[in-house]
file start20.txt (compact mmCIF, C-alpha atoms)
# COMPACT_ATOMS: atom_id res chain seq x y z
CA MET A 15 -4.15 -3.56 -18.95
CA LYS A 16 -3.87 0.22 -19.32
CA GLU A 17 -0.77 2.24 -18.48
CA LEU A 18 -1.68 5.26 -16.35
CA PHE A 19 1.80 6.53 -15.59
CA PHE A 20 5.36 5.81 -16.67
CA TYR A 21 8.63 7.43 -15.65
CA ASN A 22 12.18 6.54 -16.57
CA LYS A 23 15.36 8.34 -15.57
CA PRO A 24 17.73 7.96 -18.54
CA ASP A 25 21.25 6.69 -18.06
CA GLN A 26 21.82 8.04 -14.56
CA HIS A 27 22.02 4.82 -12.63
CA GLN A 28 24.44 2.62 -14.55
CA GLY A 29 26.54 0.49 -12.23
CA THR A 30 24.41 1.32 -9.16
CA PRO A 31 22.90 -1.61 -7.20
CA GLN A 32 19.17 -1.45 -7.87
CA VAL A 33 16.06 -2.60 -6.01
CA LEU A 34 12.91 -3.62 -7.87
CA ILE A 35 9.58 -3.08 -6.08
CA VAL A 36 6.50 -4.68 -7.65
CA LYS A 37 3.01 -3.90 -6.38
CA LEU A 38 0.05 -6.14 -7.28
CA ALA A 39 -3.66 -5.62 -6.56
CA GLU A 40 -7.01 -6.62 -7.98
CA GLU A 41 -7.44 -3.49 -10.08
CA TYR A 42 -3.90 -2.18 -10.59
CA CYS A 43 -0.26 -3.17 -10.79
CA GLY A 44 3.02 -1.35 -11.03
CA TYR A 45 6.72 -1.34 -10.31
CA ALA A 46 9.44 1.02 -9.14
CA ILE A 47 13.22 0.76 -9.47
CA THR A 48 15.27 2.57 -6.84
CA ASN A 49 18.69 2.64 -5.25
CA GLN A 50 19.30 0.51 -2.13
CA THR A 51 18.02 3.15 0.28
CA GLY A 52 14.97 4.20 -1.70
CA THR A 53 16.12 7.81 -1.95
CA ASP A 54 16.58 7.85 -5.72
CA LEU A 55 13.94 6.71 -8.20
CA TYR A 56 15.08 5.36 -11.58
CA SER A 57 11.84 4.06 -13.09
CA LEU A 58 8.17 3.71 -12.16
CA SER A 59 5.07 2.33 -13.85
CA TYR A 60 1.44 2.32 -12.68
CA CYS A 61 -1.26 0.46 -14.63
CA GLU A 62 -4.88 -0.55 -14.43
CA MET A 63 -5.17 -4.31 -14.15
CA ASN A 64 -8.04 -6.51 -15.31
CA GLY A 65 -7.60 -9.88 -13.66
CA GLU A 66 -4.69 -12.28 -13.48
CA SER A 67 -4.47 -12.43 -17.28
CA SER A 68 -3.00 -8.90 -17.15
CA LEU A 69 0.17 -10.25 -15.54
CA ALA A 70 1.36 -11.70 -18.83
CA LEU A 71 0.80 -8.32 -20.51
CA PHE A 72 2.52 -6.56 -17.62
CA GLU A 73 5.60 -8.76 -17.97
CA GLU A 74 5.59 -8.48 -21.77
CA LYS A 75 5.29 -4.69 -21.80
CA TYR A 76 8.06 -3.93 -19.29
CA SER A 77 11.39 -5.58 -20.02
CA ALA A 78 12.73 -4.15 -16.75
CA LEU A 79 10.84 -6.90 -14.93
CA LYS A 80 13.22 -9.43 -16.49
CA ASP A 81 16.45 -7.68 -15.45
CA THR A 82 18.66 -8.71 -12.54
CA TYR A 83 18.49 -6.71 -9.31
CA TYR A 84 20.29 -6.45 -6.02
CA GLU A 85 16.96 -7.13 -4.32
CA VAL A 86 13.32 -7.62 -5.30
CA LYS A 87 10.42 -6.64 -3.04
CA ILE A 88 6.75 -7.47 -3.67
CA ILE A 89 3.76 -5.63 -2.20
CA PHE A 90 0.47 -7.56 -2.25
CA ASP A 91 -2.52 -5.22 -2.00
CA PHE A 92 -5.41 -7.68 -2.02
CA PRO A 93 -8.29 -7.00 0.39
CA TYR A 94 -8.67 -10.44 1.94
CA HIS A 95 -6.84 -10.13 5.24
CA LEU A 96 -7.23 -10.80 8.96
CA LEU A 97 -5.29 -8.91 11.64
CA LEU A 98 -4.73 -10.81 14.88
CA PRO A 99 -2.89 -10.20 18.16
CA PHE A 100 0.73 -11.33 17.89
CA ASN A 101 0.31 -14.36 20.19
CA GLU A 102 -3.08 -15.48 18.92
CA GLU A 103 -3.27 -18.41 16.54
CA ALA A 104 -5.79 -18.34 13.71
CA GLY A 105 -5.71 -22.12 13.45
CA SER A 106 -5.62 -24.32 10.39
CA ASP A 107 -8.94 -22.91 9.16
CA ALA A 108 -7.39 -19.53 8.33
CA MET A 109 -8.65 -19.71 4.75
CA SER A 110 -12.20 -20.36 5.99
CA GLN A 111 -11.93 -17.37 8.30
CA LEU A 112 -10.82 -15.17 5.43
CA ASN A 113 -13.58 -16.50 3.18
CA ASN A 114 -16.24 -15.88 5.82
CA LEU A 115 -14.91 -12.38 6.49
CA HIS A 116 -14.56 -11.24 2.87
CA GLY A 117 -16.63 -13.66 0.81
CA ASN A 118 -13.57 -14.77 -1.17
CA ASN A 119 -14.07 -18.14 -2.87
CA SER A 120 -11.30 -17.99 -5.49
CA PRO A 121 -8.27 -20.32 -5.28
CA SER A 122 -5.85 -18.54 -2.97
CA ILE A 123 -2.62 -18.93 -1.04
CA THR A 124 -2.67 -17.91 2.64
CA VAL A 125 0.31 -15.94 3.95
CA THR A 126 1.05 -14.89 7.54
CA GLU A 127 3.29 -11.94 8.45
CA ASN A 128 4.37 -10.74 11.87
CA ILE A 129 4.30 -7.02 12.72
CA PRO A 130 6.26 -7.18 15.98
CA ASN A 131 6.44 -3.46 16.75
CA TRP A 132 2.66 -3.39 17.00
CA GLN A 133 2.24 -6.91 18.44
CA LEU A 134 0.18 -7.97 15.45
CA LYS A 135 0.15 -10.62 12.77
CA ASN A 136 -1.42 -10.19 9.36
CA LYS A 137 -2.95 -13.26 7.74
CA TYR A 138 -4.02 -12.65 4.16
CA ALA A 139 -4.94 -14.37 0.90
CA VAL A 140 -3.23 -13.91 -2.45
CA PRO A 141 -4.86 -15.26 -5.64
CA ALA A 142 -3.09 -18.52 -6.46
CA GLY A 143 -2.27 -17.44 -10.02
CA VAL A 144 -0.69 -14.19 -8.83
CA PHE A 145 1.33 -15.95 -6.14
CA ASP A 146 2.55 -18.58 -8.60
CA TRP A 147 3.60 -15.84 -11.07
CA VAL A 148 5.60 -14.07 -8.38
CA ARG A 149 7.35 -17.25 -7.24
CA LYS A 150 8.32 -18.18 -10.80
CA ARG A 151 9.27 -14.68 -11.98
CA PHE A 152 11.01 -13.58 -8.73
CA PRO A 153 11.92 -16.74 -6.77
CA SER A 154 14.12 -14.90 -4.22
CA ALA A 155 11.81 -11.91 -3.71
CA LYS A 156 10.71 -10.73 -0.28
CA TYR A 157 7.04 -9.84 0.01
CA LEU A 158 4.70 -7.98 2.35
CA HIS A 159 1.04 -7.10 2.34
CA GLN A 160 0.17 -3.41 1.89
CA TYR A 161 -1.44 -3.29 5.33
CA SER A 162 1.68 -4.74 6.92
CA VAL A 163 3.74 -2.05 5.18
CA SER A 164 1.35 0.72 6.23
CA ILE A 165 1.19 -0.38 9.86
CA MET A 166 4.98 -0.61 10.02
CA ASN A 167 5.07 3.01 8.77
CA LEU A 168 2.43 4.26 11.20
CA GLY A 169 5.08 5.48 13.62
CA ALA A 170 4.36 7.09 16.97
CA ALA A 171 0.68 7.87 17.52
CA GLY A 172 0.13 10.06 20.57
CA ASP A 173 -2.99 11.01 22.52
CA GLU A 174 -4.36 12.96 19.56
CA GLY A 175 -4.15 9.90 17.26
CA LYS A 176 -3.00 9.45 13.66
CA LEU A 177 -4.72 8.48 10.41
CA LEU A 178 -2.71 7.35 7.39
CA VAL A 179 -4.99 7.67 4.36
CA ASP A 180 -3.85 6.48 0.93
CA PHE A 181 -5.92 7.04 -2.23
CA SER A 182 -6.08 4.98 -5.40
CA ASN A 183 -8.78 4.96 -8.10
CA GLN A 184 -12.20 5.26 -6.41
CA GLN A 185 -10.99 3.72 -3.15
CA PHE A 186 -8.82 4.60 -0.20
CA SER A 187 -7.26 2.84 2.77
CA VAL A 188 -7.17 4.01 6.38
CA VAL A 189 -4.64 2.91 9.00
CA ALA A 190 -5.28 4.40 12.45
CA GLY A 191 -3.42 4.52 15.73
CA LYS A 192 -3.73 6.29 19.08
CA ARG A 193 -1.58 6.33 22.22
CA ASN A 194 0.83 4.04 20.37
CA LYS A 195 -1.87 1.42 19.90
CA PHE A 196 -3.10 0.14 16.57
CA LEU A 197 -6.80 0.81 15.93
CA LEU A 198 -7.80 0.05 12.36
CA ALA A 199 -6.72 -0.97 8.86
CA LYS A 200 -9.53 -0.85 6.32
CA ASN A 201 -10.35 -0.08 2.69
CA PHE A 202 -13.29 2.07 1.58
CA GLU A 203 -14.80 2.71 -1.83
CA TYR A 204 -15.94 6.22 -2.71
CA GLU A 205 -17.46 8.27 -5.53
CA THR A 206 -17.51 11.81 -4.12
CA PRO A 207 -15.52 13.86 -1.57
CA ASP A 208 -18.52 13.62 0.74
CA ASP A 209 -18.12 9.83 0.81
CA VAL A 210 -14.51 10.16 1.98
CA LEU A 211 -15.40 12.74 4.59
CA PHE A 212 -18.23 10.55 5.90
CA TYR A 213 -15.99 7.50 6.40
CA LEU A 214 -13.20 9.50 8.02
CA LEU A 215 -15.54 11.27 10.42
CA LYS A 216 -17.18 7.94 11.31
CA THR A 217 -13.73 6.48 11.98
CA CYS A 218 -12.95 9.42 14.27
CA GLU A 219 -16.23 8.93 16.09
CA GLN A 220 -15.68 5.18 16.46
CA PHE A 221 -12.27 5.59 18.10
CA SER A 222 -12.85 8.88 19.95
CA LEU A 223 -10.52 10.88 17.71
CA SER A 224 -11.07 14.61 17.34
CA PRO A 225 -10.95 15.91 13.73
CA LYS A 226 -9.43 19.09 15.16
CA GLU A 227 -6.60 17.20 16.88
CA VAL A 228 -5.94 13.96 14.99
CA SER A 229 -2.99 13.94 12.58
CA LEU A 230 -4.35 13.23 9.08
CA GLU A 231 -1.51 12.15 6.75
CA LEU A 232 -2.52 11.81 3.10
CA SER A 233 -0.84 9.98 0.24
CA GLY A 234 -1.64 8.46 -3.12
CA LEU A 235 -3.76 9.92 -5.91
CA ILE A 236 -5.01 13.10 -4.27
CA ALA A 237 -3.96 16.60 -5.34
CA LYS A 238 -3.74 19.58 -3.00
CA GLU A 239 -5.78 21.59 -5.53
CA SER A 240 -8.59 19.01 -5.64
CA SER A 241 -12.09 19.44 -4.26
CA LEU A 242 -11.44 16.36 -2.12
CA TYR A 243 -8.49 17.95 -0.32
CA LYS A 244 -10.38 21.24 0.12
CA GLU A 245 -13.29 19.35 1.67
CA LEU A 246 -11.03 17.52 4.13
CA TYR A 247 -9.18 20.73 4.98
CA GLN A 248 -12.42 22.26 6.25
CA TYR A 249 -12.81 19.55 8.91
CA PHE A 250 -9.28 18.41 9.79
CA THR A 251 -6.85 20.92 11.30
CA ASN A 252 -3.65 18.81 11.30
CA ILE A 253 -3.66 17.70 7.66
CA GLY A 254 -0.64 17.09 5.45
CA PHE A 255 0.99 14.80 2.90
CA ARG A 256 3.45 11.93 3.36
CA ASP A 257 6.19 12.34 0.75
CA ALA A 258 8.40 9.71 -0.82
CA ALA A 259 12.12 10.07 -0.09
CA TRP A 260 12.86 10.50 -3.81
CA GLY A 261 10.72 13.65 -4.10
CA SER A 262 8.41 14.59 -6.95
CA VAL A 263 8.24 12.54 -10.16
CA ASP A 264 7.91 14.66 -13.30
CA ASP A 265 4.86 16.84 -12.63
CA HIS A 266 3.49 14.51 -9.95
CA PRO A 267 3.98 15.42 -6.27
CA ALA A 268 6.13 13.31 -3.95
CA HIS A 269 3.15 11.80 -2.13
CA PHE A 270 1.57 10.19 -5.22
CA PHE A 271 3.61 6.97 -5.23
CA ILE A 272 4.88 6.74 -1.65
CA SER A 273 3.38 3.24 -1.28
CA PHE A 274 6.33 1.97 -3.38
CA ASN A 275 8.73 3.87 -1.12
CA ASP A 276 7.22 2.74 2.19
CA ILE A 277 8.42 -0.84 1.86
CA MET A 278 12.03 0.41 1.81
CA ARG A 279 11.49 1.67 5.36
CA CYS A 280 10.40 -1.75 6.62
CA ALA A 281 12.91 -4.10 8.22
CA SER A 282 13.71 -7.10 6.07

call {"tool": "encode", "arguments": {"input": "start20.txt", "output": "structure tokens"}}
result
Amino acid sequence: MKELFFYNKPDQHQGTPQVLIVKLAEEYCGYAITNQTGTDLYSLSYCEMNGESSLALFEEKYSALKDTYYEVKIIFDFPYHLLLPFNEEAGSDAMSQLNNLHGNNSPSITVTENIPNWQLKNKYAVPAGVFDWVRKRFPSAKYLHQYSVSIMNLGAAGDEGKLLVDFSNQQFSVVAGKRNKFLLAKNFEYETPDDVLFYLLKTCEQFSLSPKEVSLELSGLIAKESSLYKELYQYFTNIGFRDAAWGSVDDHPAHFFISFNDIMRCAS
């Protein structure tokens, strides 16, 4: 495990009810500590993760994970998921469906979440060791999948359409909507700005979205000064960043870690 970013606000939150948000994925993990509304950030960590064995190092390194909180929220960001219409049943072979779709053969726990505002349900797999660690470490925690969180934050998508694009290390996710209908939730790997542009333009073509009209809302590890942003700016007219309610963190802009903030906007 390698720490990529750490922030701690010294002695300015004593006596304030705190919320712990833990995010877990195949290649990274992290946590944020906020006030109850998610408008004030007290601490944040973001680390590279190398398998389930990193969880023990994660817990050992950050004593804040062992403190008591008003509420604990978990975000699972594992790729094995299946989005279904709200009233459609996946059946008892949900794990087989996920395995066939993603080629996942590791021991996993299947979780189903409803996304009522979009008439969807998200059925996804969490590695058994990760799920067991969460249940033992945070037995009363509430959890959501990253796609569930993103779709809940998609908001109104008019005739022009909307793309929420969030960047992490060498990959990015796209959540798309148009005319208040959900279109897509998918992860892509990339090496160059041209790769990102290719996938976004293909997504626009697939769903009849105009790059000149669609609202492209960026977040995660992308800087406005980067060649990636400049490349996107040449093709997309309505481009901007989604900022966390707590604002910038040290020298990092407010959109870098909004994925921790988004879950605070989701109904419990």

call {"tool": "residues_around", "arguments": {"input": "start20.txt", "residues": "Gly65 of chain A", "least_positions_apart": "2", "cutoff": "10 Å", "atoms": "all atoms listed in the file", "output": "list in words"}}
result
Met15, Ala39, Glu40, Glu41, Tyr42, Glu62, Met63, Ser67, Ser68, Leu69, Gly143 and Val144 of chain A

call {"tool": "residues_around", "arguments": {"input": "start20.txt", "residues": "Gly254 of chain A", "least_positions_apart": "6", "cutoff": "9 Å", "atoms": "all atoms listed in the file", "output": "NGL selection string"}}
result
:A and (229-233)

call {"tool": "residues_near_point", "arguments": {"input": "start20.txt", "point": "(-13.9, 16.8, -2.0)", "cutoff": "8 Å", "atoms": "all atoms listed in the file", "output": "count of residues only"}}
result
12

call {"tool": "residues_around", "arguments": {"input": "start20.txt", "residues": "Arg193 of chain A", "least_positions_apart": "3", "cutoff": "8 Å", "atoms": "all atoms listed in the file", "output": "number ranges by chain"}}
result
A: 170-175

call {"tool": "residues_near_point", "arguments": {"input": "start20.txt", "point": "(-8.1, 18.1, 13.1)", "cutoff": "12 Å", "atoms": "all atoms listed in the file", "output": "PyMOL selection string"}}
result
chain A and resi 174-177+214-215+218+223-231+246-254

call {"tool": "residues_around", "arguments": {"input": "start20.txt", "residues": "Phe92 of chain A", "least_positions_apart": "3", "cutoff": "10 Å", "atoms": "all atoms listed in the file", "output": "PyMOL selection string"}}
result
chain A and resi 38-41+89+95+138-141+159-161

call {"tool": "closest_residue", "arguments": {"input": "start20.txt", "among": "A:Leu18, A:Val188, A:Leu71, A:Val86", "to": "Gln50 of chain A", "atoms": "only C-alpha atoms"}}
result
A:Val86

call {"tool": "atom_distance", "arguments": {"input": "start20.txt", "atom1": "atom CA of His269 of chain A", "atom2": "atom CA of Ser182 of chain A"}}
result
11.9 Å

call {"tool": "residues_around", "arguments": {"input": "start20.txt", "residues": "Pro267 of chain A", "least_positions_apart": "2", "cutoff": "12 Å", "atoms": "all atoms listed in the file", "output": "list of chain:residue names"}}
result
A:Leu232, A:Ser233, A:Gly234, A:Leu235, A:Ile236, A:Ala237, A:Lys238, A:Glu239, A:Phe255, A:Arg256, A:Asp257, A:Ala258, A:Ala259, A:Trp260, A:Gly261, A:Ser262, A:Val263, A:Asp264, A:Asp265, A:His269, A:Phe270, A:Phe271, A:Ile272

call {"tool": "build_atoms", "arguments": {"input": "start20.txt", "residues": "segment 188-199 of chain A", "atoms": "N, CA and C atoms", "output": "JSON list (two decimals), in the frame of the given file"}}
result
[["chain", "number", "residue", "atom", "x", "y", "z"],
["A", 188, "VAL", "N", -7.38, 3.28, 5.14],
["A", 188, "VAL", "CA", -7.17, 4.01, 6.38],
["A", 188, "VAL", "C", -6.45, 3.10, 7.36],
["A", 189, "VAL", "N", -5.33, 3.59, 7.91],
["A", 189, "VAL", "CA", -4.64, 2.91, 9.00],
["A", 189, "VAL", "C", -4.61, 3.91, 10.16],
["A", 190, "ALA", "N", -5.10, 3.49, 11.32],
["A", 190, "ALA", "CA", -5.28, 4.40, 12.45],
["A", 190, "ALA", "C", -4.57, 3.89, 13.69],
["A", 191, "GLY", "N", -4.04, 4.83, 14.45],
["A", 191, "GLY", "CA", -3.42, 4.52, 15.73],
["A", 191, "GLY", "C", -3.65, 5.64, 16.73],
["A", 192, "LYS", "N", -3.57, 5.30, 18.02],
["A", 192, "LYS", "CA", -3.73, 6.29, 19.08],
["A", 192, "LYS", "C", -3.03, 5.78, 20.33],
["A", 193, "ARG", "N", -2.32, 6.68, 21.00],
["A", 193, "ARG", "CA", -1.58, 6.33, 22.22],
["A", 193, "ARG", "C", -0.70, 5.11, 21.97],
["A", 194, "ASN", "N", -0.07, 5.11, 20.79],
["A", 194, "ASN", "CA", 0.83, 4.04, 20.37],
["A", 194, "ASN", "C", 0.16, 2.67, 20.35],
["A", 195, "LYS", "N", -1.13, 2.65, 20.09],
["A", 195, "LYS", "CA", -1.87, 1.42, 19.90],
["A", 195, "LYS", "C", -2.52, 1.42, 18.52],
["A", 196, "PHE", "N", -2.46, 0.29, 17.87],
["A", 196, "PHE", "CA", -3.10, 0.14, 16.57],
["A", 196, "PHE", "C", -4.61, 0.08, 16.74],
["A", 197, "LEU", "N", -5.34, 0.77, 15.84],
["A", 197, "LEU", "CA", -6.80, 0.81, 15.93],
["A", 197, "LEU", "C", -7.49, 0.15, 14.75],
["A", 198, "LEU", "N", -7.02, 0.44, 13.54],
["A", 198, "LEU", "CA", -7.80, 0.05, 12.36],
["A", 198, "LEU", "C", -6.94, -0.01, 11.12],
["A", 199, "ALA", "N", -7.25, -0.95, 10.22],
["A", 199, "ALA", "CA", -6.72, -0.97, 8.86],
["A", 199, "ALA", "C", -7.86, -1.44, 7.97]]
